[in-house]
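Asker: I am sharing model19.txt, which consists of compact mmCIF, C-alpha atoms:
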```
# COMPACT_ATOMS: atom_id res chain seq x y z
CA MET A 244 41.25 -24.85 -35.83
CA ILE A 245 37.83 -26.24 -34.93
CA LEU A 246 38.97 -26.60 -31.33
CA HIS A 247 40.19 -22.99 -31.33
CA ILE A 248 36.83 -21.70 -32.65
CA THR A 249 34.91 -23.82 -30.15
CA TYR A 250 37.05 -22.52 -27.31
CA PHE A 251 36.58 -18.91 -28.46
CA SER A 252 32.82 -19.40 -28.70
CA PHE A 253 32.76 -20.90 -25.21
CA ILE A 254 34.64 -17.90 -23.78
CA LEU A 255 32.33 -15.50 -25.64
CA CYS A 256 29.25 -17.23 -24.20
CA ILE A 257 30.65 -16.91 -20.69
CA LEU A 258 31.39 -13.20 -21.19
CA CYS A 259 27.91 -12.58 -22.56
CA SER A 260 26.43 -14.46 -19.63
CA LEU A 261 28.45 -12.41 -17.16
CA CYS A 262 27.41 -9.19 -18.86
CA GLY A 263 23.82 -10.31 -18.66
CA VAL A 264 24.13 -10.93 -14.93
CA THR A 265 25.84 -7.61 -14.35
CA HIS A 266 23.25 -5.61 -16.23
CA SER A 267 20.24 -7.84 -15.69
CA LYS A 268 16.88 -6.17 -15.38
CA VAL A 269 15.62 -5.86 -11.81
CA ALA A 270 12.12 -4.51 -12.40
CA PRO A 271 9.44 -7.20 -12.86
CA ASP A 272 7.75 -7.49 -16.24
CA PHE A 273 4.55 -5.82 -15.07
CA ILE A 274 6.44 -2.52 -14.69
CA ARG A 275 6.01 -0.65 -17.98
CA PRO A 276 8.02 2.59 -17.88
CA CYS A 277 6.53 5.77 -19.34
CA ASN A 278 8.46 7.81 -21.88
CA ALA A 279 7.14 11.05 -20.38
CA THR A 280 5.53 12.16 -17.14
CA THR A 281 2.10 12.60 -18.68
CA ARG A 282 -0.94 11.88 -16.54
CA ASP A 283 -2.45 9.35 -18.95
CA CYS A 284 0.67 7.21 -19.14
CA LEU A 285 1.42 7.39 -15.41
CA VAL A 286 -2.15 6.45 -14.45
CA LYS A 287 -2.24 3.52 -16.89
CA SER A 288 1.21 2.26 -15.90
CA THR A 289 0.35 2.43 -12.21
CA GLN A 290 -3.08 0.83 -12.70
CA ASP A 291 -1.57 -2.03 -14.71
CA ALA A 292 1.07 -2.68 -12.03
CA ILE A 293 -1.16 -2.73 -8.94
CA PRO A 294 -2.71 -6.24 -9.24
CA GLU A 295 0.73 -7.87 -9.48
CA PHE A 296 2.61 -5.51 -7.17
CA VAL A 297 0.27 -6.13 -4.23
CA LYS A 298 1.02 -9.87 -4.42
CA GLY A 299 4.50 -9.10 -3.13
CA LEU A 300 7.98 -9.56 -4.60
CA PRO A 301 9.89 -11.89 -2.25
CA HIS A 302 13.11 -11.73 -4.28
CA LEU A 303 13.20 -7.95 -3.71
CA GLY A 304 12.13 -8.14 -0.06
CA VAL A 305 8.74 -6.61 -0.88
CA PRO A 306 5.92 -8.18 1.20
CA PRO A 307 2.35 -8.69 -0.08
CA LEU A 308 -0.24 -5.98 0.43
CA ASP A 309 -3.31 -7.98 -0.55
CA PRO A 310 -4.04 -9.43 1.78
CA PHE A 311 -1.87 -8.11 4.57
CA THR A 312 -2.10 -9.13 8.20
CA ILE A 313 -2.57 -6.92 11.24
CA ASP A 314 -1.09 -9.16 13.92
CA LYS A 315 -2.19 -6.87 16.73
CA LEU A 316 -3.35 -3.29 16.66
CA SER A 317 -4.51 -1.50 19.79
CA ILE A 318 -6.53 1.66 19.36
CA PRO A 319 -6.71 3.69 22.57
CA LEU A 320 -9.51 6.20 22.33
CA SER A 321 -11.30 8.53 24.66
CA GLY A 322 -13.06 6.14 27.02
CA LEU A 323 -12.56 3.07 24.82
CA LYS A 324 -9.79 0.62 23.95
CA VAL A 325 -10.22 -1.61 20.94
CA THR A 326 -7.66 -4.24 19.97
CA PHE A 327 -7.67 -6.14 16.69
CA TYR A 328 -5.94 -9.52 16.40
CA GLN A 329 -4.90 -11.41 13.28
CA GLY A 330 -6.76 -9.02 11.02
CA LYS A 331 -6.69 -9.60 7.28
CA VAL A 332 -7.05 -6.56 5.01
CA SER A 333 -7.97 -7.28 1.40
CA GLY A 334 -9.06 -5.30 -1.65
CA PHE A 335 -5.96 -3.34 -2.67
CA LYS A 336 -5.59 -5.37 -5.87
CA ASN A 337 -8.81 -3.80 -7.16
CA CYS A 338 -7.93 -0.20 -6.32
CA VAL A 339 -8.69 2.30 -9.07
CA VAL A 340 -6.05 4.93 -9.80
CA ASP A 341 -7.61 8.38 -10.19
CA ASN A 342 -4.52 10.51 -10.70
CA VAL A 343 -0.73 10.37 -10.69
CA VAL A 344 1.52 13.43 -10.70
CA SER A 345 5.28 13.07 -11.07
CA GLU A 346 7.28 16.31 -10.97
CA LEU A 347 10.80 14.98 -11.32
CA GLU A 348 12.57 18.33 -11.12
CA LYS A 349 10.63 19.34 -8.00
CA ARG A 350 11.11 15.87 -6.50
CA HIS A 351 7.38 15.59 -5.92
CA PHE A 352 4.99 12.69 -6.47
CA VAL A 353 1.23 12.42 -5.89
CA LEU A 354 -0.95 9.31 -6.05
CA GLU A 355 -4.76 9.41 -5.81
CA PHE A 356 -6.92 6.29 -5.81
CA HIS A 357 -10.11 4.75 -4.43
CA CYS A 358 -10.80 1.22 -3.18
CA ASN A 359 -13.27 -1.11 -1.56
CA LEU A 360 -11.50 -2.70 1.41
CA THR A 361 -12.48 -5.45 3.83
CA ILE A 362 -10.96 -6.07 7.26
CA LYS A 363 -11.60 -9.39 8.98
CA GLY A 364 -10.26 -10.67 12.27
CA ASP A 365 -10.85 -10.90 16.00
CA TYR A 366 -11.29 -8.04 18.42
CA ASP A 367 -11.89 -7.11 22.01
CA ALA A 368 -13.22 -3.81 23.26
CA VAL A 369 -13.65 -2.33 26.70
CA GLY A 370 -15.02 1.13 27.54
CA LYS A 371 -17.56 3.33 25.85
CA ILE A 372 -18.30 4.32 22.27
CA LEU A 373 -20.60 7.28 21.84
CA LEU A 374 -23.31 6.68 24.51
CA PHE A 375 -22.87 2.93 24.88
CA PRO A 376 -20.69 1.02 27.37
CA ILE A 377 -18.86 -1.76 25.55
CA ASN A 378 -17.41 -4.98 26.95
CA GLY A 379 -17.14 -7.48 24.16
CA GLU A 380 -14.95 -9.76 22.11
CA GLY A 381 -15.44 -11.88 19.03
CA ASN A 382 -15.24 -11.80 15.25
CA ALA A 383 -14.97 -8.49 13.44
CA LYS A 384 -15.60 -7.51 9.84
CA ILE A 385 -15.40 -3.96 8.55
CA LYS A 386 -16.11 -3.04 4.93
CA LEU A 387 -15.11 0.30 3.46
CA THR A 388 -16.88 1.16 0.23
CA ASN A 389 -15.18 3.60 -2.11
CA LEU A 390 -12.49 4.74 0.32
CA LYS A 391 -10.71 7.69 -1.33
CA MET A 392 -7.06 8.46 -0.64
CA LYS A 393 -4.40 10.92 -1.76
CA ILE A 394 -0.72 10.38 -0.92
CA ASP A 395 1.65 13.31 -1.39
CA ILE A 396 5.35 12.34 -1.40
CA ASN A 397 8.50 14.46 -1.41
CA THR A 398 11.10 12.34 -3.18
CA LYS A 399 14.86 12.34 -3.58
CA TYR A 400 17.39 10.63 -5.81
CA VAL A 401 19.92 8.25 -4.36
CA LYS A 402 23.07 6.98 -6.07
CA ASP A 403 24.69 3.80 -4.77
CA LYS A 404 28.42 3.00 -4.68
CA ASN A 405 28.21 1.59 -8.20
CA GLY A 406 26.69 4.78 -9.57
CA VAL A 407 23.18 3.33 -9.98
CA ASN A 408 20.34 5.79 -9.38
CA TYR A 409 17.27 5.08 -7.28
CA PHE A 410 14.15 6.89 -6.07
CA GLY A 411 14.01 7.68 -2.37
CA PHE A 412 11.43 9.25 -0.05
CA ARG A 413 12.10 12.30 2.08
CA ASN A 414 8.67 12.47 3.66
CA TYR A 415 5.00 12.05 2.88
CA LYS A 416 1.53 13.04 4.00
CA TYR A 417 -1.88 11.73 3.12
CA THR A 418 -5.55 12.65 3.20
CA PHE A 419 -8.53 10.35 2.88
CA ASP A 420 -12.29 10.18 2.87
CA TYR A 421 -14.32 7.16 3.99
CA GLY A 422 -16.28 7.37 0.77
CA ASP A 423 -19.77 5.97 0.33
CA LYS A 424 -20.16 3.67 3.31
CA VAL A 425 -18.44 1.87 6.18
CA THR A 426 -20.20 -1.26 7.40
CA PHE A 427 -19.45 -2.79 10.80
CA ASP A 428 -20.07 -6.38 11.80
CA LEU A 429 -18.75 -6.75 15.35
CA GLN A 430 -20.03 -9.92 16.94
CA ASN A 431 -20.75 -10.14 20.67
CA LEU A 432 -20.35 -6.48 21.56
CA PHE A 433 -22.02 -7.29 24.84
CA LYS A 434 -21.06 -10.67 26.20
CA GLU A 435 -24.05 -13.00 26.54
CA ASN A 436 -26.51 -10.32 25.40
CA LYS A 437 -27.18 -10.76 21.70
CA GLU A 438 -30.22 -8.49 21.60
CA LEU A 439 -28.31 -5.53 23.03
CA SER A 440 -25.33 -6.33 20.80
CA ASP A 441 -27.54 -6.26 17.71
CA THR A 442 -29.17 -3.01 18.80
CA VAL A 443 -25.86 -1.23 19.31
CA LEU A 444 -24.43 -2.68 16.10
CA ALA A 445 -27.41 -1.33 14.16
CA PHE A 446 -26.81 2.09 15.73
CA LEU A 447 -23.13 1.98 14.75
CA ASN A 448 -24.02 1.23 11.14
CA GLU A 449 -26.68 3.92 11.00
CA ASN A 450 -24.10 6.42 12.24
CA TRP A 451 -21.15 4.91 10.39
CA ARG A 452 -19.42 8.17 9.49
CA THR A 453 -19.34 9.44 13.08
CA VAL A 454 -18.14 6.05 14.31
CA SER A 455 -15.48 5.83 11.58
CA GLU A 456 -14.13 9.26 12.42
CA GLU A 457 -14.01 8.19 16.06
CA PHE A 458 -11.72 5.18 15.63
CA GLY A 459 -11.06 4.50 11.96
CA LYS A 460 -7.99 6.68 11.42
CA PRO A 461 -5.53 4.45 13.35
CA ILE A 462 -6.40 1.57 11.04
CA VAL A 463 -5.86 3.73 7.95
CA ASP A 464 -2.61 5.05 9.45
CA TYR A 465 -1.43 1.47 9.90
CA ALA A 466 -2.32 0.53 6.33
CA VAL A 467 -0.66 3.62 4.82
CA GLU A 468 2.52 3.13 6.86
CA LEU A 469 2.74 -0.47 5.68
CA ALA A 470 2.12 0.55 2.08
CA MET A 471 4.77 3.28 2.23
CA THR A 472 7.32 0.91 3.80
CA THR A 473 6.60 -1.57 1.02
CA MET A 474 7.01 1.11 -1.67
CA LYS A 475 10.31 2.25 -0.13
CA LYS A 476 11.66 -1.29 -0.35
CA PHE A 477 10.59 -1.53 -3.98
CA PHE A 478 12.06 1.81 -5.04
CA GLY A 479 15.22 1.02 -3.10
CA ALA A 480 15.67 -2.20 -5.08
CA VAL A 481 14.73 -1.15 -8.64
CA PRO A 482 16.92 1.40 -10.48
CA TYR A 483 15.42 4.72 -11.54
CA GLU A 484 16.05 4.02 -15.23
CA GLU A 485 13.89 0.87 -15.07
CA LEU A 486 10.92 2.79 -13.71
CA ILE A 487 10.67 5.69 -16.16
CA ASN A 488 12.23 6.46 -19.52
CA VAL A 489 12.98 10.08 -18.67
CA PRO A 490 16.52 11.29 -17.95
CA LEU A 491 17.34 11.91 -14.32
CA PRO A 492 16.96 15.63 -13.56
CA VAL A 493 20.11 17.59 -12.91
CA ILE A 494 20.66 17.55 -9.18
CA THR A 495 21.70 20.94 -7.81
```
Is it possible to give me this structure as structure tokens?

Answerer:
Amino acid sequence: MILHITYFSFILCILCSLCGVTHSKVAPDFIRPCNATTRDCLVKSTQDAIPEFVKGLPHLGVPPLDPFTIDKLSIPLSGLKVTFYQGKVSGFKNCVVDNVVSELEKRHFVLEFHCNLTIKGDYDAVGKILLFPINGEGNAKIKLTNLKMKIDINTKYVKDKNGVNYFGFRNYKYTFDYGDKVTFDLQNLFKENKELSDTVLAFLNENWRTVSEEFGKPIVDYAVELAMTTMKKFFGAVPYEELINVPLPVIT
């Protein structure tokens, strides 16, 4: 009798374990689903998740965003070609969420935030920027203070072969503003002419907004594309029901 009970208990434990594996939670603990699509809850939930999310989730195939590496990025501009190598972008973990809109029925999602970001790496540049001929290479550091961004996403719902629902992206667009200040520290703009390099660098920083609008967008494009690719991997791995406690809208 004791043997029979022990055997039954053993089988029950195995079944419970299997059920746990089958229905195990995928979302990490820092994801705290909202019970409604209210702004306050969505902003808080998103803000709470950012510091951990940007570290990356290797088990879900989600790479880190803070820092992330720009192995090589060439920016061909009118009269100037700048190439960044082994750039490190940091600061996303301290981003402040300003607004989140989730219209589930309309399949529409908006995220607004602001950040202080720093880009460090090596560069080379040949050509002309504004009135100055450039022929330099060296260390680069760019600081963006209070960069403001709004990402507008058209979403979709995807059901896998097991009937599990997921968020998907149809398309997105974004707008941004450089915020309060962009500071450039580009060493050796003119090879073997430190005085001229310092003079031009001072001019670039005095006219930071014009300079940023001249060649900053490709860097932001790169960062946004990486962030969106990372978000797609996350939403493609974590079921809808683990992200928000609101029934899936009727799909027509």

Asker: Restricting the calculation to all atoms listed in the file: of A:Asp314, A:Pro482, A:Glu457, A:Val489, which residue gets closest to Pro271 (chain A)?

Answerer: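 For Pro271 (chain A), the nearest of the given residues is A:Pro482.
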
Asker: So which residues touch Phe311 (chain A) within 12 Å, counting only C-alpha atoms, skipping near sequence neighbours fewer than 2 positions away, as an MDAnalysis selection string?

Answerer: chainID A and resid 297:299 306:309 313:314 329:336 360:364 465:467 469:470 473

Asker: List every residue of region 372-398 of chain A that has an atom at most 7 Å from any atom of region 404-415 of chain A, giving for each one its closest atom pair and the distance in Å to one decimal, counting only C-alpha atoms, sorted by chain and then by ascending residue number, as a tab-separated table.

Answerer:
```
residue	atom	partner	partner_atom	distance
A:Asp395	CA	A:Tyr415	CA	5.6
A:Ile396	CA	A:Tyr415	CA	4.3
A:Asn397	CA	A:Asn414	CA	5.4
A:Thr398	CA	A:Phe412	CA	4.4
```

Asker: Of the candidates A:Tyr328, A:Tyr400, A:Phe446, A:Phe477, which one gets nearest to Asp367 (chain A) if we count all atoms listed in the file?

Answerer: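 Of the candidates, the smallest distance to Asp367 (chain A) is held by A:Tyr328.
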
Asker: If we count only C-alpha atoms and set the cut-off at 9 Å, which residues sit around Val269 (chain A), ignoring sequence neighbours fewer than 5 positions away in its own chain? Please answer as a ChimeraX atom specification.

Answerer: /A:303,480-482,485

Asker: Keeping only C-alpha atoms, write those residues as an mmCIF file, in the frame of the given file.

Answerer:
```cif
data_model
loop_
_atom_site.group_PDB
_atom_site.id
_atom_site.type_symbol
_atom_site.label_atom_id
_atom_site.label_comp_id
_atom_site.auth_asym_id
_atom_site.auth_seq_id
_atom_site.Cartn_x
_atom_site.Cartn_y
_atom_site.Cartn_z
ATOM 1 C CA LEU A 303 13.200 -7.950 -3.710
ATOM 2 C CA ALA A 480 15.670 -2.200 -5.080
ATOM 3 C CA VAL A 481 14.730 -1.150 -8.640
ATOM 4 C CA PRO A 482 16.920 1.400 -10.480
ATOM 5 C CA GLU A 485 13.890 0.870 -15.070
#
```

Asker: Residues within 7 Å of region 427-440 of chain A, please, as a list in words. Count only C-alpha atoms; anything in the same chain fewer than 3 positions from it doesn't count.

Answerer: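 These residues fall inside the cut-off: Ile377, Asn378, Gly379, Glu380, Gly381, Asn382, Ala383, Lys384, Ile385, Lys386, Val443, Leu444 and Asn448 of chain A.
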
Asker: Please write the residues from the selection above to a file, keeping C-alpha atoms, as a PDB file, keeping the file's coordinate frame.

Answerer:
```
ATOM      1  CA  ILE A 377     -18.860  -1.760  25.550  1.00  0.00           C
ATOM      2  CA  ASN A 378     -17.410  -4.980  26.950  1.00  0.00           C
ATOM      3  CA  GLY A 379     -17.140  -7.480  24.160  1.00  0.00           C
ATOM      4  CA  GLU A 380     -14.950  -9.760  22.110  1.00  0.00           C
ATOM      5  CA  GLY A 381     -15.440 -11.880  19.030  1.00  0.00           C
ATOM      6  CA  ASN A 382     -15.240 -11.800  15.250  1.00  0.00           C
ATOM      7  CA  ALA A 383     -14.970  -8.490  13.440  1.00  0.00           C
ATOM      8  CA  LYS A 384     -15.600  -7.510   9.840  1.00  0.00           C
ATOM      9  CA  ILE A 385     -15.400  -3.960   8.550  1.00  0.00           C
ATOM     10  CA  LYS A 386     -16.110  -3.040   4.930  1.00  0.00           C
ATOM     11  CA  VAL A 443     -25.860  -1.230  19.310  1.00  0.00           C
ATOM     12  CA  LEU A 444     -24.430  -2.680  16.100  1.00  0.00           C
ATOM     13  CA  ASN A 448     -24.020   1.230  11.140  1.00  0.00           C
TER      14      ASN A 448
END
```

Asker: In terms of the shortest atom-to-atom distance over all atoms listed in the file, which of A:Leu285, A:Leu354, A:Leu447, A:Ala368 is closest to Leu316 (chain A)?

Answerer: A:Ala368

Asker: Would you compute the distance between CA of Phe375 (chain A) and CA of Val463 (chain A)? Give it in Å to one decimal.

Answerer: 24.0 Å

Asker: Between CA of Val286 (chain A) and CA of Ile274 (chain A), measure the distance and give it in Å to one decimal.

Answerer: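 Taking CA of Val286 (chain A) and CA of Ile274 (chain A), their separation equals 12.4 Å.
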